[in-house]
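Here's work14.pdb, which has PDB, C-alpha atoms:
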ATOM      1  CA  MET A 124      -9.927   8.824  34.331
ATOM      2  CA  THR A 125      -6.955   6.862  35.629
ATOM      3  CA  ASN A 126      -8.099   3.266  35.063
ATOM      4  CA  LEU A 127      -7.275   1.838  31.624
ATOM      5  CA  GLN A 128     -10.091  -0.729  31.674
ATOM      6  CA  GLU A 129     -12.684   1.953  32.473
ATOM      7  CA  PHE A 130     -11.369   4.110  29.654
ATOM      8  CA  ILE A 131     -11.459   1.216  27.183
ATOM      9  CA  GLN A 132     -15.038   0.349  28.199
ATOM     10  CA  SER A 133     -16.070   3.965  27.618
ATOM     11  CA  ILE A 134     -14.708   4.102  24.040
ATOM     12  CA  ALA A 135     -14.538   0.524  22.700
ATOM     13  CA  PHE A 136     -16.626  -0.894  19.891
ATOM     14  CA  ASP A 137     -18.270  -4.286  20.451
ATOM     15  CA  SER A 138     -15.581  -6.969  20.729
ATOM     16  CA  GLU A 139     -12.738  -4.457  20.215
ATOM     17  CA  ARG A 140      -9.511  -5.627  21.865
ATOM     18  CA  PHE A 141      -6.559  -3.488  22.953
ATOM     19  CA  LEU A 142      -2.977  -4.673  23.477
ATOM     20  CA  PRO A 143       0.063  -2.747  24.731
ATOM     21  CA  VAL A 144       2.304  -1.588  21.874
ATOM     22  CA  ASN A 145       5.656  -3.387  21.868
ATOM     23  CA  ASP A 146       8.475  -1.159  23.200
ATOM     24  CA  PHE A 147       5.855   1.289  24.513
ATOM     25  CA  GLU A 148       4.137  -0.814  27.189
ATOM     26  CA  GLY A 149       2.365   1.358  29.764
ATOM     27  CA  ARG A 150       2.308   4.314  27.338
ATOM     28  CA  PHE A 151       0.449   3.201  24.162
ATOM     29  CA  TRP A 152      -2.162   0.545  23.291
ATOM     30  CA  ILE A 153      -3.364  -0.552  19.834
ATOM     31  CA  SER A 154      -6.751  -2.083  19.062
ATOM     32  CA  ASP A 155      -7.653  -4.723  16.496
ATOM     33  CA  PHE A 156      -9.716  -1.976  14.802
ATOM     34  CA  GLY A 157      -6.612   0.219  14.414
ATOM     35  CA  ARG A 158      -7.304   2.726  17.184
ATOM     36  CA  VAL A 159      -4.545   3.933  19.515
ATOM     37  CA  ILE A 160      -4.752   4.887  23.183
ATOM     38  CA  SER A 161      -2.074   7.046  24.768
ATOM     39  CA  LYS A 162      -1.379   7.563  28.457
ATOM     40  CA  LYS A 163       0.078  10.889  29.538
ATOM     41  CA  HIS A 164       0.250  12.226  33.105
ATOM     42  CA  ASP A 165      -2.074   9.445  34.367
ATOM     43  CA  ASN A 166      -4.739  10.355  31.791
ATOM     44  CA  PHE A 167      -5.787   8.261  28.787
ATOM     45  CA  TYR A 168      -6.495   9.651  25.327
ATOM     46  CA  LEU A 169      -7.822   8.144  22.136
ATOM     47  CA  LEU A 170      -5.456   9.448  19.456
ATOM     48  CA  SER A 171      -6.694  10.851  16.185
ATOM     49  CA  ASN A 172      -4.248   9.518  13.642
ATOM     50  CA  GLY A 173      -3.065  11.636  10.730
ATOM     51  CA  LEU A 174      -2.418  10.502   7.171
ATOM     52  CA  ASP A 175       1.099  10.206   5.797
ATOM     53  CA  ALA A 176       2.142  11.184   2.272
ATOM     54  CA  ALA A 177       1.131   7.774   0.900
ATOM     55  CA  GLY A 178      -2.386   7.959   2.413
ATOM     56  CA  TYR A 179      -1.858   5.586   5.359
ATOM     57  CA  LYS A 180      -2.975   6.390   8.910
ATOM     58  CA  GLY A 181      -0.018   6.938  11.179
ATOM     59  CA  THR A 182       1.064   8.225  14.550
ATOM     60  CA  ARG A 183       4.243   9.129  16.411
ATOM     61  CA  MET A 184       5.006   7.261  19.617
ATOM     62  CA  ARG A 185       7.522   8.333  22.236
ATOM     63  CA  ASN A 186       8.741   7.197  25.573
ATOM     64  CA  ARG A 187      11.694   8.477  27.591
ATOM     65  CA  THR A 188      14.338   6.873  25.405
ATOM     66  CA  TYR A 189      12.730   6.053  22.083
ATOM     67  CA  ARG A 190      10.642   7.654  19.338
ATOM     68  CA  ARG A 191       8.931   5.822  16.480
ATOM     69  CA  ASP A 192       6.752   6.992  13.593
ATOM     70  CA  CYS A 193       4.274   4.177  13.002
ATOM     71  CA  ARG A 194       1.762   3.272  10.362
ATOM     72  CA  ILE A 195      -1.348   2.010  12.098
ATOM     73  CA  HIS A 196      -1.890  -1.022   9.844
ATOM     74  CA  GLN A 197       1.633  -2.226  10.648
ATOM     75  CA  LEU A 198       0.969  -1.963  14.387
ATOM     76  CA  VAL A 199      -2.316  -3.851  14.029
ATOM     77  CA  GLY A 200      -0.643  -6.532  11.928
ATOM     78  CA  GLU A 201       2.266  -6.953  14.342
ATOM     79  CA  HIS A 202      -0.045  -7.291  17.347
ATOM     80  CA  PHE A 203      -3.119  -9.136  16.024
ATOM     81  CA  CYS A 204      -2.213 -11.040  12.834
ATOM     82  CA  GLU A 205      -0.118 -14.084  12.064
ATOM     83  CA  MET A 206       3.326 -13.301  10.675
ATOM     84  CA  VAL A 207       5.263 -16.001   8.858
ATOM     85  CA  ASP A 208       8.807 -14.975   7.921
ATOM     86  CA  LEU A 209       9.671 -16.419   4.519
ATOM     87  CA  GLY A 210      13.181 -14.989   4.501
ATOM     88  CA  VAL A 211      12.273 -12.294   1.979
ATOM     89  CA  ARG A 212      11.008  -8.741   2.367
ATOM     90  CA  MET A 213       7.499  -8.892   3.797
ATOM     91  CA  THR A 214       4.813  -6.231   4.079
ATOM     92  CA  TRP A 215       1.230  -5.764   5.230
ATOM     93  CA  ASN A 216      -1.430  -5.781   2.528
ATOM     94  CA  HIS A 217      -4.926  -4.296   2.876
ATOM     95  CA  ILE A 218      -7.059  -7.089   1.426
ATOM     96  CA  ASP A 219      -9.887  -4.773   0.329
ATOM     97  CA  GLY A 220      -7.434  -2.170  -1.028
ATOM     98  CA  ASN A 221      -8.690   0.503   1.394
ATOM     99  CA  LYS A 222      -5.670   2.004   3.184
ATOM    100  CA  LEU A 223      -7.925   3.417   5.889
ATOM    101  CA  ASN A 224      -9.487   0.062   6.822
ATOM    102  CA  ASN A 225      -6.999  -1.120   9.437
ATOM    103  CA  HIS A 226      -9.152  -3.841  10.995
ATOM    104  CA  TYR A 227      -7.074  -6.954  11.636
ATOM    105  CA  THR A 228      -9.301  -9.101   9.391
ATOM    106  CA  ASN A 229      -8.428  -6.818   6.457
ATOM    107  CA  LEU A 230      -4.667  -7.323   6.782
ATOM    108  CA  GLU A 231      -2.420 -10.074   5.484
ATOM    109  CA  TYR A 232       1.341 -10.525   5.697
ATOM    110  CA  VAL A 233       2.668 -10.975   2.152
ATOM    111  CA  THR A 234       5.861 -10.639   0.178
ATOM    112  CA  ALA A 235       6.547  -7.301  -1.467
ATOM    113  CA  LYS A 236       5.995  -8.972  -4.843
ATOM    114  CA  GLU A 237       2.587 -10.349  -3.789
ATOM    115  CA  ASN A 238       1.624  -6.882  -2.539
ATOM    116  CA  CYS A 239       2.519  -5.306  -5.903
ATOM    117  CA  LEU A 240       0.622  -7.974  -7.837
ATOM    118  CA  HIS A 241      -2.434  -7.448  -5.603
ATOM    119  CA  ALA A 242      -2.272  -3.693  -6.233
ATOM    120  CA  GLN A 243      -2.093  -4.258  -9.991
ATOM    121  CA  ARG A 244      -4.933  -6.837 -10.002
ATOM    122  CA  THR A 245      -7.238  -4.582  -8.023
ATOM    123  CA  GLY A 246      -6.385  -1.448 -10.024
ATOM    124  CA  LEU A 247      -4.743   0.317  -7.075
ATOM    125  CA  CYS A 248      -1.459   0.587  -8.937
ATOM    126  CA  ASP A 249      -1.662   1.320 -12.649
ATOM    127  CA  ILE A 250       1.835   1.261 -14.136
ATOM    128  CA  LYS A 251       1.037   0.338 -17.711
ATOM    129  CA  GLY A 252       2.488   2.187 -20.678
ATOM    130  CA  GLU A 253       3.732   5.709 -20.175
ATOM    131  CA  LYS A 254       3.025   5.504 -16.420
ATOM    132  CA  HIS A 255       5.791   2.919 -16.058
ATOM    133  CA  GLY A 256       9.029   4.478 -14.872
ATOM    134  CA  MET A 257      11.094   2.764 -17.576
ATOM    135  CA  SER A 258       8.806   3.694 -20.475
ATOM    136  CA  LYS A 259      10.491   5.441 -23.402
ATOM    137  CA  MET A 260       7.247   6.035 -25.263
ATOM    138  CA  LYS A 261       3.989   7.884 -24.734
ATOM    139  CA  ASN A 262       0.489   6.620 -25.488
ATOM    140  CA  GLU A 263       0.295   8.944 -28.498
ATOM    141  CA  ASP A 264       3.493   7.334 -29.906
ATOM    142  CA  VAL A 265       1.762   3.947 -29.928
ATOM    143  CA  ILE A 266      -1.247   5.445 -31.707
ATOM    144  CA  ALA A 267       1.116   7.075 -34.232
ATOM    145  CA  ILE A 268       2.824   3.708 -34.817
ATOM    146  CA  TYR A 269      -0.531   2.143 -35.668
ATOM    147  CA  ASN A 270      -1.455   5.020 -37.980
ATOM    148  CA  MET A 271       1.909   4.805 -39.764
ATOM    149  CA  ARG A 272       1.415   1.094 -40.373
ATOM    150  CA  ASN A 273      -2.065   1.765 -41.786
ATOM    151  CA  SER A 274      -0.579   4.418 -44.097
ATOM    152  CA  GLY A 275       1.737   1.824 -45.653
ATOM    153  CA  LEU A 276       5.052   2.164 -43.789
ATOM    154  CA  THR A 277       6.870  -1.045 -42.960
ATOM    155  CA  ALA A 278       7.519  -2.139 -39.385
ATOM    156  CA  SER A 279      11.223  -1.561 -39.931
ATOM    157  CA  GLU A 280      10.660   2.037 -41.104
ATOM    158  CA  ILE A 281       8.369   2.709 -38.142
ATOM    159  CA  GLY A 282      10.881   1.228 -35.714
ATOM    160  CA  ASN A 283      13.640   3.456 -37.090
ATOM    161  CA  LYS A 284      11.519   6.592 -36.613
ATOM    162  CA  PHE A 285      10.880   5.749 -32.941
ATOM    163  CA  LYS A 286      14.303   4.160 -32.283
ATOM    164  CA  LEU A 287      12.661   0.832 -31.496
ATOM    165  CA  GLY A 288      13.980  -2.606 -32.180
ATOM    166  CA  ARG A 289      12.223  -4.834 -34.692
ATOM    167  CA  ARG A 290      10.796  -7.049 -31.927
ATOM    168  CA  GLN A 291       9.397  -4.084 -29.955
ATOM    169  CA  THR A 292       7.764  -2.659 -33.067
ATOM    170  CA  TYR A 293       6.182  -5.986 -34.008
ATOM    171  CA  ASP A 294       4.937  -6.549 -30.431
ATOM    172  CA  ILE A 295       3.152  -3.195 -30.530
ATOM    173  CA  LEU A 296       1.664  -3.804 -33.985
ATOM    174  CA  ARG A 297       0.477  -7.314 -33.042
ATOM    175  CA  GLY A 298      -1.068  -6.092 -29.779
ATOM    176  CA  LYS A 299       1.326  -7.989 -27.506
ATOM    177  CA  ALA A 300       2.800  -4.811 -26.036
ATOM    178  CA  TRP A 301       0.838  -1.735 -24.992
ATOM    179  CA  LYS A 302      -2.391  -3.800 -25.069
ATOM    180  CA  HIS A 303      -4.263  -1.177 -23.053
ATOM    181  CA  ILE A 304      -3.824   1.165 -26.060
ATOM    182  CA  THR A 305      -3.659  -1.206 -29.020
ATOM    183  CA  SER A 306      -6.818  -3.139 -28.122
ATOM    184  CA  HIS A 307      -8.842   0.015 -28.848
ATOM    185  CA  LEU A 308      -7.181   0.516 -32.241
ATOM    186  CA  SER A 309      -7.710  -2.908 -33.792
TER
END
Whole structure given in structure tokens:
Amino acid sequence: MTNLQEFIQSIAFDSERFLPVNDFEGRFWISDFGRVISKKHDNFYLLSNGLDAAGYKGTRMRNRTYRRDCRIHQLVGEHFCEMVDLGVRMTWNHIDGNKLNNHYTNLEYVTAKENCLHAQRTGLCDIKGEKHGMSKMKNEDVIAIYNMRNSGLTASEIGNKFKLGRRQTYDILRGKAWKHITSHLS
């Protein structure tokens, strides 16, 4: 099949739109659903996109002078969504949290900070307690701190055993820090 429009009609969902991919015009097209068409030797193909290490759909695009590994949601966002540059690092967020749902209505252009906050709010990124890269304690340490306090040790003595400052020790004992653990111990 050598006609692009005929090929699109044969594979398209209702109301699906395809646009040429920037820098790859005449070779690749992206749809607002996140599907990619490739043209090779006057034939058109619907690409099956693999998953990268982070779980995003992606594909590799090439022309005679240029090669680019692309995440599908970024292509969809660049071609079908509004992008407002705020002068800070921006990224595409999947509104429903599903990395495989690359429909243009599921994407929003946000700051990196907003993307992280969204991931935390929706439970996609759990970095509390020992899962945080800067954590010096384990969940069982927090439980031990509570048990030591209940056995009569002072906050200062407990802090010394775990090499914690007075403030850190008090925050744990009062449930201000490590709430996801301490709330179950109260």
Correct to one decimal, the distance CA of Gly149 in chain A-CA of Tyr179 in chain A is 25.1 Å
CA of Gly252 in chain A to CA of Arg272 in chain A measures 19.8 Å
Open item on the list: Env of range 223-239 of chain A: 6 Å cut, atoms = all atoms listed in the file, seq-sep filter 6 positions within chain, self excluded. Answer as a list in words.
Closed with: Asp155, Phe156, Gly157, His196, Arg212, Met213, Thr214, Trp215, Asn216 and His217 of chain A
Kindly save the residues from that selection, with C-alpha atoms included, as a PDB file, in the coordinates of the input.
ATOM      1  CA  ASP A 155      -7.653  -4.723  16.496  1.00  0.00           C
ATOM      2  CA  PHE A 156      -9.716  -1.976  14.802  1.00  0.00           C
ATOM      3  CA  GLY A 157      -6.612   0.219  14.414  1.00  0.00           C
ATOM      4  CA  HIS A 196      -1.890  -1.022   9.844  1.00  0.00           C
ATOM      5  CA  ARG A 212      11.008  -8.741   2.367  1.00  0.00           C
ATOM      6  CA  MET A 213       7.499  -8.892   3.797  1.00  0.00           C
ATOM      7  CA  THR A 214       4.813  -6.231   4.079  1.00  0.00           C
ATOM      8  CA  TRP A 215       1.230  -5.764   5.230  1.00  0.00           C
ATOM      9  CA  ASN A 216      -1.430  -5.781   2.528  1.00  0.00           C
ATOM     10  CA  HIS A 217      -4.926  -4.296   2.876  1.00  0.00           C
TER      11      HIS A 217
END
CA of Phe285 in chain A sits from CA of Lys261 in chain A at a separation of 10.9 Å
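This file, filtered with the PyMOL selection byres ((chain A and resi 267) around 12), gives the residues Met260, Lys261, Asn262, Glu263, Asp264, Val265, Ile266, Ile268, Tyr269, Asn270, Met271, Arg272, Asn273, Ser274, Leu276, Ile281, Gly282, Lys284, Phe285, Thr292, Ile295, Leu296, Ile304, Thr305 and Leu308 of chain A.
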Practice prompt. Starting from the displayed file, determine the output of the PyMOL selection byres ((chain A and resi 128) around 12) and express the residue list as a VMD selection string.
Written response: chain A and resid 124 to 127 129 to 135 140 to 142 152 160 167
Atoms to include: C-alpha atoms. Write the selected residues as a compact mmCIF listing (two decimals), in the coordinates of the input.
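This is the output file again_16.txt:
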# COMPACT_ATOMS: atom_id res chain seq x y z
CA MET A 124 -9.93 8.82 34.33
CA THR A 125 -6.96 6.86 35.63
CA ASN A 126 -8.10 3.27 35.06
CA LEU A 127 -7.28 1.84 31.62
CA GLU A 129 -12.68 1.95 32.47
CA PHE A 130 -11.37 4.11 29.65
CA ILE A 131 -11.46 1.22 27.18
CA GLN A 132 -15.04 0.35 28.20
CA SER A 133 -16.07 3.96 27.62
CA ILE A 134 -14.71 4.10 24.04
CA ALA A 135 -14.54 0.52 22.70
CA ARG A 140 -9.51 -5.63 21.86
CA PHE A 141 -6.56 -3.49 22.95
CA LEU A 142 -2.98 -4.67 23.48
CA TRP A 152 -2.16 0.55 23.29
CA ILE A 160 -4.75 4.89 23.18
CA PHE A 167 -5.79 8.26 28.79
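Among the candidate residues A:Met206, A:Lys251, A:Arg185, A:Gly275, the one lying nearest to Ala300 in chain A is A:Lys251, with distances computed using all atoms listed in the file.
Within 12 Å of Gly246 in chain A, once only C-alpha atoms are used and residues closer than 6 positions along the same chain are dropped, the contacting residues are Asp219, Gly220, Asn221, Cys239 and Leu240 of chain A.
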So for range 151-164 of chain A, what box centre and size do we get, axis-aligned, 4 Å extra on each of the six sides, every listed atom, Å to one decimal, as lines of an AutoDock Vina configuration file?
center_x = -4.6
center_y = 3.8
center_z = 23.8
size_x = 18.2
size_y = 24.9
size_z = 26.7
- Message: Translate the PyMOL selection byres ((chain A and resi 198) around 10) into a concrete residue list for this structure, as a PyMOL selection string.
- Response: chain A and resi 144-145+152-155+157-159+181+193-197+199-204+215+225+227
Write the residues of the selection above to a file with C-alpha atoms, as a PDB file, in the frame of the given file.
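And here's part-v3.pdb as it stands now:
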ATOM      1  CA  VAL A 144       2.304  -1.588  21.874  1.00  0.00           C
ATOM      2  CA  ASN A 145       5.656  -3.387  21.868  1.00  0.00           C
ATOM      3  CA  TRP A 152      -2.162   0.545  23.291  1.00  0.00           C
ATOM      4  CA  ILE A 153      -3.364  -0.552  19.834  1.00  0.00           C
ATOM      5  CA  SER A 154      -6.751  -2.083  19.062  1.00  0.00           C
ATOM      6  CA  ASP A 155      -7.653  -4.723  16.496  1.00  0.00           C
ATOM      7  CA  GLY A 157      -6.612   0.219  14.414  1.00  0.00           C
ATOM      8  CA  ARG A 158      -7.304   2.726  17.184  1.00  0.00           C
ATOM      9  CA  VAL A 159      -4.545   3.933  19.515  1.00  0.00           C
ATOM     10  CA  GLY A 181      -0.018   6.938  11.179  1.00  0.00           C
ATOM     11  CA  CYS A 193       4.274   4.177  13.002  1.00  0.00           C
ATOM     12  CA  ARG A 194       1.762   3.272  10.362  1.00  0.00           C
ATOM     13  CA  ILE A 195      -1.348   2.010  12.098  1.00  0.00           C
ATOM     14  CA  HIS A 196      -1.890  -1.022   9.844  1.00  0.00           C
ATOM     15  CA  GLN A 197       1.633  -2.226  10.648  1.00  0.00           C
ATOM     16  CA  VAL A 199      -2.316  -3.851  14.029  1.00  0.00           C
ATOM     17  CA  GLY A 200      -0.643  -6.532  11.928  1.00  0.00           C
ATOM     18  CA  GLU A 201       2.266  -6.953  14.342  1.00  0.00           C
ATOM     19  CA  HIS A 202      -0.045  -7.291  17.347  1.00  0.00           C
ATOM     20  CA  PHE A 203      -3.119  -9.136  16.024  1.00  0.00           C
ATOM     21  CA  CYS A 204      -2.213 -11.040  12.834  1.00  0.00           C
ATOM     22  CA  TRP A 215       1.230  -5.764   5.230  1.00  0.00           C
ATOM     23  CA  ASN A 225      -6.999  -1.120   9.437  1.00  0.00           C
ATOM     24  CA  TYR A 227      -7.074  -6.954  11.636  1.00  0.00           C
TER      25      TYR A 227
END
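Shortest separation to Lys163 in chain A among A:Ala278, A:Pro143, A:Asn186, A:Tyr293 occurs at residue A:Asn186, atoms counted being all atoms listed in the file.
Distance check against Arg190 in chain A using all atoms listed in the file: of A:Asp146, A:His164, A:His307, A:Gly178, the minimum falls on A:Asp146.
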